[in-house]
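Containing PDB, C-alpha atoms and all ligand atoms: my_file-v7.pdb.
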```
ATOM      1  CA  MET A 455      -3.936  19.688  -9.819
ATOM      2  CA  THR A 456      -6.062  17.136  -8.054
ATOM      3  CA  ILE A 457      -5.111  13.496  -8.172
ATOM      4  CA  THR A 458      -7.657  10.720  -7.945
ATOM      5  CA  ALA A 459      -6.726   8.030  -5.437
ATOM      6  CA  GLY A 460      -8.548   4.763  -4.943
ATOM      7  CA  VAL A 461      -8.424   2.894  -1.640
ATOM      8  CA  VAL A 462      -9.531  -0.722  -1.797
ATOM      9  CA  ALA A 463     -12.219  -0.717   0.863
ATOM     10  CA  VAL A 464     -13.624  -4.196   0.886
ATOM     11  CA  GLN A 465     -12.110  -4.505   4.377
ATOM     12  CA  GLY A 466      -9.253  -2.986   6.369
ATOM     13  CA  ASP A 467      -7.949   0.394   7.524
ATOM     14  CA  VAL A 468      -9.348   2.595   4.809
ATOM     15  CA  SER A 469      -9.924   6.010   6.360
ATOM     16  CA  GLU A 470      -6.347   6.277   7.675
ATOM     17  CA  HIS A 471      -4.984   5.698   4.175
ATOM     18  CA  ALA A 472      -7.435   8.202   2.711
ATOM     19  CA  ALA A 473      -6.218  10.793   5.221
ATOM     20  CA  ALA A 474      -2.561   9.952   4.552
ATOM     21  CA  VAL A 475      -2.894  10.286   0.789
ATOM     22  CA  ARG A 476      -4.631  13.654   1.217
ATOM     23  CA  ARG A 477      -1.800  14.862   3.468
ATOM     24  CA  ALA A 478       0.823  13.504   1.097
ATOM     25  CA  ALA A 479      -0.773  15.255  -1.867
ATOM     26  CA  ARG A 480      -0.935  18.542   0.018
ATOM     27  CA  ALA A 481       2.674  18.173   1.139
ATOM     28  CA  HIS A 482       3.723  17.484  -2.419
ATOM     29  CA  GLY A 483       1.991  20.581  -3.700
ATOM     30  CA  HIS A 484      -1.015  19.158  -5.468
ATOM     31  CA  GLY A 485      -4.057  21.361  -5.120
ATOM     32  CA  ARG A 486      -2.022  24.449  -4.191
ATOM     33  CA  SER A 487      -3.050  26.218  -7.367
ATOM     34  CA  GLY A 488      -6.371  27.253  -5.837
ATOM     35  CA  THR A 489      -9.526  28.387  -7.559
ATOM     36  CA  GLY A 490      -8.891  32.085  -7.379
ATOM     37  CA  SER A 491     -11.484  32.382  -4.624
ATOM     38  CA  GLY A 492      -8.914  31.977  -1.874
ATOM     39  CA  GLU A 493     -10.068  28.434  -1.215
ATOM     40  CA  PRO A 494      -7.485  25.767  -2.045
ATOM     41  CA  ARG A 495      -8.743  23.051  -4.369
ATOM     42  CA  GLU A 496      -8.964  19.590  -2.956
ATOM     43  CA  ALA A 497      -5.524  18.069  -3.234
ATOM     44  CA  ALA A 498      -6.538  14.458  -3.592
ATOM     45  CA  GLU A 499      -9.932  13.062  -4.384
ATOM     46  CA  VAL A 500     -10.243   9.690  -2.662
ATOM     47  CA  HIS A 501     -12.594   6.945  -3.822
ATOM     48  CA  GLU A 502     -13.355   3.901  -1.720
ATOM     49  CA  ILE A 503     -13.322   0.831  -3.917
ATOM     50  CA  ARG A 504     -15.827  -1.913  -3.179
ATOM     51  CA  THR A 505     -17.072  -2.637  -6.681
ATOM     52  CA  SER A 506     -15.613  -2.780 -10.165
ATOM     53  CA  GLY A 507     -15.684   0.280 -12.414
ATOM     54  CA  ILE A 508     -13.880   2.736 -10.114
ATOM     55  CA  VAL A 509     -10.254   1.618 -10.471
ATOM     56  CA  PRO A 510     -10.004   2.724 -14.136
ATOM     57  CA  ASP A 511     -10.643   6.342 -13.037
ATOM     58  CA  CYS A 512      -7.878   6.313 -10.424
ATOM     59  CA  ASP A 513      -4.382   7.772 -10.860
ATOM     60  CA  VAL A 514      -3.036   5.920  -7.825
ATOM     61  CA  LEU A 515      -4.250   2.919  -5.826
ATOM     62  CA  LEU A 516      -3.920   1.636  -2.290
ATOM     63  CA  VAL A 517      -4.467  -1.872  -1.007
ATOM     64  CA  PRO A 518      -4.543  -1.554   2.787
ATOM     65  CA  GLY A 519      -3.955  -3.875   5.722
ATOM     66  CA  GLY A 520      -6.682  -6.080   7.097
ATOM     67  CA  GLU A 521      -7.111  -9.794   6.410
ATOM     68  CA  SER A 522      -5.548 -10.879   3.150
ATOM     69  CA  THR A 523      -7.884 -13.890   2.833
ATOM     70  CA  THR A 524     -10.967 -11.645   2.981
ATOM     71  CA  ILE A 525      -9.530  -8.878   0.818
ATOM     72  CA  SER A 526      -8.354 -11.216  -1.952
ATOM     73  CA  ARG A 527     -11.627 -13.129  -2.022
ATOM     74  CA  LEU A 528     -13.699  -9.968  -2.345
ATOM     75  CA  LEU A 529     -11.404  -8.496  -5.014
ATOM     76  CA  ALA A 530     -11.868 -11.628  -7.099
ATOM     77  CA  ARG A 531     -15.605 -11.813  -6.493
ATOM     78  CA  GLN A 532     -16.126  -8.197  -7.549
ATOM     79  CA  GLY A 533     -13.797  -8.395 -10.547
ATOM     80  CA  ILE A 534     -11.572  -5.709  -9.021
ATOM     81  CA  ASP A 535      -8.522  -8.004  -9.186
ATOM     82  CA  GLU A 536      -8.241  -7.726 -12.970
ATOM     83  CA  GLU A 537      -8.723  -3.945 -12.817
ATOM     84  CA  ILE A 538      -5.827  -3.631 -10.377
ATOM     85  CA  ARG A 539      -3.624  -5.739 -12.670
ATOM     86  CA  GLU A 540      -4.556  -3.453 -15.564
ATOM     87  CA  HIS A 541      -3.745  -0.359 -13.441
ATOM     88  CA  VAL A 542      -0.251  -1.729 -12.760
ATOM     89  CA  ARG A 543       0.241  -2.843 -16.385
ATOM     90  CA  ALA A 544      -0.445   0.777 -17.339
ATOM     91  CA  GLY A 545       2.447   1.810 -15.056
ATOM     92  CA  LYS A 546       0.278   3.609 -12.492
ATOM     93  CA  PRO A 547       1.342   3.689  -8.814
ATOM     94  CA  LEU A 548       0.117   1.146  -6.290
ATOM     95  CA  LEU A 549       0.862   1.186  -2.566
ATOM     96  CA  ALA A 550       0.216  -2.133  -0.858
ATOM     97  CA  THR A 551       0.578  -2.355   2.919
ATOM     98  CA  CYS A 552       0.623  -5.375   5.213
ATOM     99  CA  ALA A 553      -2.298  -7.567   4.074
ATOM    100  CA  GLY A 554      -2.157  -5.527   0.839
ATOM    101  CA  LEU A 555       1.429  -6.696   0.340
ATOM    102  CA  ILE A 556       0.286 -10.292   0.807
ATOM    103  CA  VAL A 557      -2.501  -9.797  -1.749
ATOM    104  CA  ALA A 558      -0.158  -8.151  -4.290
ATOM    105  CA  SER A 559       2.514 -10.840  -3.942
ATOM    106  CA  ARG A 560       3.361 -13.717  -6.254
ATOM    107  CA  ASP A 561       2.962 -16.326  -3.530
ATOM    108  CA  ALA A 562       1.486 -16.167  -0.024
ATOM    109  CA  LYS A 563       1.999 -19.869   0.604
ATOM    110  CA  ASP A 564      -1.622 -20.084   1.685
ATOM    111  CA  ASP A 565      -4.344 -21.433  -0.599
ATOM    112  CA  ARG A 566      -6.927 -19.193   1.023
ATOM    113  CA  VAL A 567      -5.247 -16.119  -0.460
ATOM    114  CA  GLU A 568      -5.708 -15.565  -4.189
ATOM    115  CA  THR A 569      -2.722 -13.340  -4.791
ATOM    116  CA  LEU A 570      -2.675 -10.777  -7.599
ATOM    117  CA  ASP A 571       0.794 -11.951  -8.653
ATOM    118  CA  LEU A 572       1.959  -8.397  -9.332
ATOM    119  CA  LEU A 573       4.934  -8.207  -7.007
ATOM    120  CA  ASP A 574       7.656 -10.807  -7.443
ATOM    121  CA  VAL A 575       7.981 -11.755  -3.775
ATOM    122  CA  SER A 576       6.842 -14.640  -1.638
ATOM    123  CA  VAL A 577       5.600 -13.930   1.862
ATOM    124  CA  ASP A 578       4.923 -15.658   5.137
ATOM    125  CA  ARG A 579       1.684 -14.399   6.658
ATOM    126  CA  ASN A 580       1.869 -13.411  10.347
ATOM    127  CA  ALA A 581       5.577 -14.164  10.436
ATOM    128  CA  PHE A 582       6.308 -11.383  12.914
ATOM    129  CA  GLY A 583       3.854 -12.811  15.419
ATOM    130  CA  ARG A 584       0.301 -12.353  16.537
ATOM    131  CA  GLN A 585      -1.567  -9.139  17.345
ATOM    132  CA  VAL A 586      -0.112  -8.922  20.866
ATOM    133  CA  ASP A 587       3.376  -8.936  19.374
ATOM    134  CA  SER A 588       2.774  -5.803  17.327
ATOM    135  CA  PHE A 589       5.561  -3.273  17.613
ATOM    136  CA  GLU A 590       6.892   0.046  16.343
ATOM    137  CA  ALA A 591      10.442   0.536  15.107
ATOM    138  CA  PRO A 592      12.393   3.364  13.451
ATOM    139  CA  LEU A 593      13.351   2.187   9.973
ATOM    140  CA  SER A 594      15.912   3.451   7.508
ATOM    141  CA  VAL A 595      14.167   3.574   4.154
ATOM    142  CA  THR A 596      15.922   4.189   0.833
ATOM    143  CA  GLY A 597      14.697   7.537  -0.465
ATOM    144  CA  LEU A 598      13.875   9.005   2.973
ATOM    145  CA  ASP A 599      16.348  11.223   4.835
ATOM    146  CA  GLU A 600      15.203  10.370   8.357
ATOM    147  CA  PRO A 601      14.085   7.013   9.843
ATOM    148  CA  PHE A 602      10.406   6.177   9.372
ATOM    149  CA  PRO A 603       8.319   5.194  12.451
ATOM    150  CA  ALA A 604       7.091   1.807  11.230
ATOM    151  CA  VAL A 605       4.137   0.142  12.962
ATOM    152  CA  PHE A 606       4.039  -3.652  12.525
ATOM    153  CA  ILE A 607       0.774  -5.486  13.276
ATOM    154  CA  ARG A 608       0.770  -9.249  12.686
ATOM    155  CA  ALA A 609       3.023  -8.352   9.806
ATOM    156  CA  PRO A 610       3.943 -10.567   6.875
ATOM    157  CA  MET A 611       7.573 -11.431   6.261
ATOM    158  CA  ILE A 612       8.996 -11.231   2.761
ATOM    159  CA  ASP A 613      11.181 -14.281   2.309
ATOM    160  CA  GLU A 614      12.039 -14.277  -1.403
ATOM    161  CA  VAL A 615      12.461 -11.317  -3.717
ATOM    162  CA  GLY A 616      12.768 -11.508  -7.502
ATOM    163  CA  ALA A 617      15.521  -9.867  -9.528
ATOM    164  CA  ASP A 618      13.360  -6.842 -10.418
ATOM    165  CA  VAL A 619      12.447  -6.084  -6.817
ATOM    166  CA  GLU A 620      14.366  -3.370  -4.972
ATOM    167  CA  VAL A 621      14.525  -3.740  -1.184
ATOM    168  CA  LEU A 622      13.992  -0.293   0.369
ATOM    169  CA  ALA A 623      14.105  -1.294   4.040
ATOM    170  CA  THR A 624      14.910  -4.278   6.217
ATOM    171  CA  TRP A 625      14.142  -5.200   9.802
ATOM    172  CA  GLU A 626      16.406  -7.788  11.395
ATOM    173  CA  ASP A 627      17.774  -8.593   7.931
ATOM    174  CA  ARG A 628      14.314  -9.233   6.474
ATOM    175  CA  PRO A 629      12.915  -7.044   3.686
ATOM    176  CA  VAL A 630       9.978  -4.990   4.992
ATOM    177  CA  ALA A 631       9.635  -2.375   2.231
ATOM    178  CA  VAL A 632      10.106  -3.172  -1.454
ATOM    179  CA  ARG A 633       9.587  -1.533  -4.793
ATOM    180  CA  GLN A 634       9.014  -3.067  -8.212
ATOM    181  CA  GLY A 635       8.170  -0.731 -11.076
ATOM    182  CA  SER A 636       5.188   1.372  -9.995
ATOM    183  CA  ILE A 637       4.452  -0.792  -6.931
ATOM    184  CA  LEU A 638       5.645   0.050  -3.429
ATOM    185  CA  ALA A 639       4.810  -2.462  -0.707
ATOM    186  CA  THR A 640       5.432  -2.507   3.027
ATOM    187  CA  SER A 641       5.046  -5.133   5.772
ATOM    188  CA  PHE A 642       4.199  -2.307   8.151
ATOM    189  CA  HIS A 643       1.397   0.279   8.349
ATOM    190  CA  PRO A 644       2.582   3.722   7.148
ATOM    191  CA  GLU A 645      -0.977   5.096   7.499
ATOM    192  CA  LEU A 646      -1.019   4.650  11.280
ATOM    193  CA  THR A 647       1.348   7.520  12.014
ATOM    194  CA  ASP A 648       0.952  11.093  10.810
ATOM    195  CA  ASP A 649       4.122  10.667   8.747
ATOM    196  CA  ASP A 650       3.074  10.606   5.099
ATOM    197  CA  ARG A 651       6.521  10.130   3.514
ATOM    198  CA  ILE A 652       5.842   6.544   2.387
ATOM    199  CA  HIS A 653       2.664   7.679   0.609
ATOM    200  CA  ARG A 654       4.654  10.484  -1.020
ATOM    201  CA  LEU A 655       7.366   8.062  -2.073
ATOM    202  CA  ALA A 656       4.802   5.672  -3.527
ATOM    203  CA  PHE A 657       2.716   8.189  -5.433
ATOM    204  CA  PHE A 658       4.504  11.374  -6.271
ATOM    205  CA  GLU A 659       7.722  10.141  -7.761
ATOM    206  CA  THR A 660       5.810   8.860 -10.754
ATOM    207  CA  VAL A 661       2.823  11.248 -10.836
ATOM    208  CA  PRO A 662       4.007  14.704 -11.947
ATOM    209  CA  ALA A 663       2.995  17.699  -9.799
TER     210      ALA A 663
HETATM  211  N1  LIG B   1      -1.906 -11.013   9.147
HETATM  212  C1  LIG B   1      -2.805 -10.369   8.253
HETATM  213  C2  LIG B   1      -3.076 -11.221   7.027
HETATM  214  O1  LIG B   1      -2.526 -12.254   6.887
HETATM  215  C3  LIG B   1      -2.251  -9.023   7.852
HETATM  216  C4  LIG B   1      -2.182  -8.134   9.059
HETATM  217  C5  LIG B   1      -2.365  -6.685   8.760
HETATM  218  O2  LIG B   1      -2.731  -6.285   7.652
HETATM  219  N2  LIG B   1      -2.170  -5.877   9.768
HETATM  220  O3  LIG B   1      -3.864 -10.865   6.198
END
```
Represent the supplied structure as structure tokens.
Ligand code: GLN
Amino acid sequence: MTITAGVVAVQGDVSEHAAAVRRAARAHGHGRSGTGSGEPREAAEVHEIRTSGIVPDCDVLLVPGGESTTISRLLARQGIDEEIREHVRAGKPLLATCAGLIVASRDAKDDRVETLDLLDVSVDRNAFGRQVDSFEAPLSVTGLDEPFPAVFIRAPMIDEVGADVEVLATWEDRPVAVRQGSILATSFHPELTDDDRIHRLAFFETVPA
């Protein structure tokens, strides 16, 4: 089986997420069935989303890091924002990382970000510092056996979580990975290591193999 993944590509680290979702799909067993010709079928078909009309065809979605102001503005301008809301209303998986988490949140406390209001958290942009303060830390994440090598780059801090939000990981007592329904969101960048367990957690617990 091949899953169709959409990576919001108005801005941000798109190709790394595309590679991670392909690895995660392979690791999960999608695409192993083959065509009978000895060639494995593509495990995940990845679409880059810059315009409306693509999201409805996607099984899973990614909103990557980048600049949340730019990403949210372009999503609204292209009408992709409403399509993403519809995707989540339909119960389909969404992984939102770093700026993506800010965009998916209820409140970014910054008028320049039009949040999607899908994830019941409020965030502080750049709370972990500026680019030079970026760091990597091993994180215990609910659902993963071994610590995850989390890369933080000018990361947002989650400062309020709603009752329906499960905190999957914390760093210095602050939530940095959360789950609500079919949404998984991280303050850090799981696509920047070759560890695809966060992508697997986000997508393949709800999409049957
Ligand atoms: N600080 C950025 C923002 O506010 C997010 C940083 C990132 O995605 N690495 O949009």
Using all atoms listed in the file, find the one residue out of A:Asp599, A:Asp650, A:Glu521, A:Asp561 that sits nearest to Gly616 in chain A. A:Asp561
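Residues in contact with ligand LIG 1 (chain B) (atom pairs separated by at most 6 Å; all atoms listed in the file) are Gly519, Gly520, Glu521, Ser522, Cys552, Ala553, Arg579, Asn580, Ile607, Arg608 and Ala609 of chain A.
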Spatial sel., origin (11.1, -3.1, 8.5), limit 7 Å, all atoms listed in the file, listed as number ranges by chain: A: 593, 604, 623-625, 629-631, 641-642
May I have the residues within 7 Å of range 543-547 of chain A as JSON, numbers by chain, using all atoms listed in the file and disregarding those fewer than 5 positions away in the same chain? {"A": [513, 514, 515, 636, 637, 656, 657]}
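Neighbours of Glu614 in chain A closer than or equal to 12 Å, with all atoms listed in the file counted and sequence neighbours fewer than 6 positions away skipped, come out as Ser559, Arg560, Asp561, Ala562, Lys563, Leu573, Asp574, Val575, Ser576, Val577, Asp578, Glu620, Val621, Arg628, Pro629, Val630 and Val632 of chain A.
When only C-alpha atoms are used to measure the gap to Asp649 in chain A, the shortest distance among A:Glu502, A:Glu600, A:Glu568, A:Asp467 belongs to A:Glu600.
Between CA of Glu536 in chain A and CA of Thr569 in chain A the separation is 11.4 Å.
Counting from CA of Ala550 in chain A, the distance to CA of Leu516 in chain A is 5.8 Å.
The two atoms in question, CA of Gly507 in chain A and CA of Asp565 in chain A, are spaced 27.2 Å apart.
Near Val475 in chain A, within a cut-off of 9 Å and counting only C-alpha atoms, sit the residues A:Ala459, A:Glu470, A:His471, A:Ala472, A:Ala478, A:Ala479, A:Arg480, A:Ala498, A:Val500, A:Glu645, A:Asp650, A:His653, A:Arg654, A:Phe657, with same-chain residues fewer than 3 positions away left out.
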Can you write out the residues you just picked, keeping C-alpha atoms, as a PDB file, keeping the file's coordinate frame?
```pdb
ATOM      1  CA  ALA A 459      -6.726   8.030  -5.437  1.00  0.00           C
ATOM      2  CA  GLU A 470      -6.347   6.277   7.675  1.00  0.00           C
ATOM      3  CA  HIS A 471      -4.984   5.698   4.175  1.00  0.00           C
ATOM      4  CA  ALA A 472      -7.435   8.202   2.711  1.00  0.00           C
ATOM      5  CA  ALA A 478       0.823  13.504   1.097  1.00  0.00           C
ATOM      6  CA  ALA A 479      -0.773  15.255  -1.867  1.00  0.00           C
ATOM      7  CA  ARG A 480      -0.935  18.542   0.018  1.00  0.00           C
ATOM      8  CA  ALA A 498      -6.538  14.458  -3.592  1.00  0.00           C
ATOM      9  CA  VAL A 500     -10.243   9.690  -2.662  1.00  0.00           C
ATOM     10  CA  GLU A 645      -0.977   5.096   7.499  1.00  0.00           C
ATOM     11  CA  ASP A 650       3.074  10.606   5.099  1.00  0.00           C
ATOM     12  CA  HIS A 653       2.664   7.679   0.609  1.00  0.00           C
ATOM     13  CA  ARG A 654       4.654  10.484  -1.020  1.00  0.00           C
ATOM     14  CA  PHE A 657       2.716   8.189  -5.433  1.00  0.00           C
TER      15      PHE A 657
END
```
